Amino acid sequence: MLSPRPLSDLVRVAPQFALEDVAEIAAMGVRRVVNNRPDGEDPGQPSSAEMEQAVRAAGMDYVHAPVSGMPGDAAIHAVATALEANEPVLMYCRSGTRSTVAWALAMRALGRAEPEALRAGAAGAGYDLSRVPL
């Protein structure tokens, strides 16, 4: 059972999910899925192209903003752009940690939240951003 964790009212984060979970994600009201995994990170992981096809077929938007280590400028910009519409978003990576960091850095880039609020949102979802420079 897919159980995304809320980072804010509109943003949820999850570990990698299966292509078969995409319909359930759409039923949750998600409008955009952000994939923060690079292709080929793990054997058997759905490729970005496969995930994009499934997500778009379910009526949602799709963004691939791969992150290895700390999110770079391109990933932060892509995530910020995905968040600008103020619509329900699901972000994912292998465990949810990189997506949570990318969310927090994008929210700072957008000027939408202070570091303490972002750390609290992440902590509520089970992620520790105490060492992330926000």
# chains A, B, ... in the order shown; residues from 1 in each chain; ligands from 1

$ residues_around --residues "range 30-33 of chain A" --least-positions-apart "4" --cutoff "7 Å" --atoms "only C-alpha atoms" --output "list in words"
Ile25, Ala26, Met60, Asp61, Tyr62, Val63, Glu87, Pro88, Val89, Leu90 and Met91 of chain A

$ closest_atom_pairs --of "range 51-130 of chain A" --to "range 5-11 of chain A" --cutoff "10 Å" --atoms "only C-alpha atoms" --output "JSON lines"
{"residue": "A:Leu83", "atom": "CA", "partner": "A:Val11", "partner_atom": "CA", "distance": 8.3}
{"residue": "A:Asn86", "atom": "CA", "partner": "A:Leu10", "partner_atom": "CA", "distance": 7.0}
{"residue": "A:Glu87", "atom": "CA", "partner": "A:Leu10", "partner_atom": "CA", "distance": 6.2}
{"residue": "A:Pro88", "atom": "CA", "partner": "A:Leu10", "partner_atom": "CA", "distance": 4.5}
{"residue": "A:Val89", "atom": "CA", "partner": "A:Val11", "partner_atom": "CA", "distance": 4.9}
{"residue": "A:Leu90", "atom": "CA", "partner": "A:Val11", "partner_atom": "CA", "distance": 5.9}
{"residue": "A:Met91", "atom": "CA", "partner": "A:Val11", "partner_atom": "CA", "distance": 7.4}
{"residue": "A:Gly96", "atom": "CA", "partner": "A:Arg5", "partner_atom": "CA", "distance": 9.0}
{"residue": "A:Thr100", "atom": "CA", "partner": "A:Leu7", "partner_atom": "CA", "distance": 7.7}
{"residue": "A:Trp103", "atom": "CA", "partner": "A:Val11", "partner_atom": "CA", "distance": 8.5}
{"residue": "A:Ala104", "atom": "CA", "partner": "A:Leu7", "partner_atom": "CA", "distance": 9.2}
{"residue": "A:Ala117", "atom": "CA", "partner": "A:Ser8", "partner_atom": "CA", "distance": 9.8}
{"residue": "A:Leu118", "atom": "CA", "partner": "A:Leu7", "partner_atom": "CA", "distance": 8.2}
{"residue": "A:Arg119", "atom": "CA", "partner": "A:Leu7", "partner_atom": "CA", "distance": 9.5}
{"residue": "A:Ala120", "atom": "CA", "partner": "A:Leu7", "partner_atom": "CA", "distance": 8.8}
{"residue": "A:Gly121", "atom": "CA", "partner": "A:Leu7", "partner_atom": "CA", "distance": 5.0}
{"residue": "A:Ala122", "atom": "CA", "partner": "A:Leu7", "partner_atom": "CA", "distance": 5.7}
{"residue": "A:Ala123", "atom": "CA", "partner": "A:Leu7", "partner_atom": "CA", "distance": 8.5}
{"residue": "A:Gly124", "atom": "CA", "partner": "A:Leu7", "partner_atom": "CA", "distance": 7.3}
{"residue": "A:Ala125", "atom": "CA", "partner": "A:Arg5", "partner_atom": "CA", "distance": 5.4}
{"residue": "A:Gly126", "atom": "CA", "partner": "A:Arg5", "partner_atom": "CA", "distance": 8.2}
{"residue": "A:Tyr127", "atom": "CA", "partner": "A:Leu7", "partner_atom": "CA", "distance": 9.4}

$ write_last_selection --atoms "C-alpha atoms" --output "PDB file, in the first residue's frame"
ATOM      1  CA  LEU A  83       5.605  23.726  -7.117  1.00  0.00           C
ATOM      2  CA  ASN A  86       0.136  25.442  -5.971  1.00  0.00           C
ATOM      3  CA  GLU A  87      -1.422  22.116  -6.963  1.00  0.00           C
ATOM      4  CA  PRO A  88      -1.091  18.741  -5.199  1.00  0.00           C
ATOM      5  CA  VAL A  89       2.339  17.251  -5.943  1.00  0.00           C
ATOM      6  CA  LEU A  90       3.890  13.894  -5.146  1.00  0.00           C
ATOM      7  CA  MET A  91       7.682  13.805  -5.137  1.00  0.00           C
ATOM      8  CA  GLY A  96      12.070  10.124  -0.042  1.00  0.00           C
ATOM      9  CA  THR A 100      12.448  16.185   0.775  1.00  0.00           C
ATOM     10  CA  TRP A 103      11.428  20.375  -1.869  1.00  0.00           C
ATOM     11  CA  ALA A 104      12.938  22.405   0.963  1.00  0.00           C
ATOM     12  CA  ALA A 117       9.064  25.752   8.960  1.00  0.00           C
ATOM     13  CA  LEU A 118      10.652  23.559   6.280  1.00  0.00           C
ATOM     14  CA  ARG A 119      12.578  21.549   8.854  1.00  0.00           C
ATOM     15  CA  ALA A 120       9.390  21.094  10.877  1.00  0.00           C
ATOM     16  CA  GLY A 121       7.450  19.931   7.812  1.00  0.00           C
ATOM     17  CA  ALA A 122      10.185  17.460   6.949  1.00  0.00           C
ATOM     18  CA  ALA A 123      10.406  16.210  10.551  1.00  0.00           C
ATOM     19  CA  GLY A 124       6.650  15.639  10.582  1.00  0.00           C
ATOM     20  CA  ALA A 125       7.126  13.339   7.586  1.00  0.00           C
ATOM     21  CA  GLY A 126      10.059  11.550   9.246  1.00  0.00           C
ATOM     22  CA  TYR A 127      12.954  13.320   7.500  1.00  0.00           C
TER      23      TYR A 127
END

$ residues_around --residues "Pro66 in chain A" --least-positions-apart "5" --cutoff "10 Å" --atoms "only C-alpha atoms" --output "ChimeraX atom specification"
/A:34-39,48,71-72,74-76,78,93,98-99,102

$ residues_around --residues "Ala80 in chain A" --least-positions-apart "4" --cutoff "8 Å" --atoms "only C-alpha atoms" --output "PyMOL selection string"
chain A and resi 76+84+103+106-107+109-110

$ closest_residue --among "A:His77, A:Tyr92, A:Pro43, A:Glu50" --to "Arg12 in chain A" --atoms "only C-alpha atoms"
A:Tyr92

$ select_by_dssp --residues "range 25-105 of chain A" --states "strand (DSSP E or B)" --output "list in words"
Arg32, Val33, Val34, Asn35, Asp61, Tyr62, Val63, His64, Val89, Leu90, Met91, Tyr92 and Cys93 of chain A

$ atom_distance --atom1 "CA of Ala23 in chain A" --atom2 "CA of Val79 in chain A"
22.2 Å

$ closest_residue --among "A:Thr81, A:Gln16, A:Ala113, A:Asp21" --to "Asp42 in chain A" --atoms "only C-alpha atoms"
A:Gln16

$ closest_residue --among "A:Pro115, A:Gly29, A:Gly44, A:Pro4" --to "Ser130 in chain A" --atoms "only C-alpha atoms"
A:Pro115

$ atom_distance --atom1 "CA of Ser68 in chain A" --atom2 "CA of Ala54 in chain A"
23.5 Å

$ closest_residue --among "A:Leu129, A:Val22, A:Asp73, A:Leu134" --to "Ala57 in chain A" --atoms "only C-alpha atoms"
A:Val22

$ residues_around --residues "Pro46 in chain A" --least-positions-apart "5" --cutoff "8 Å" --atoms "only C-alpha atoms" --output "ChimeraX atom specification"
/A:18-19,39,51
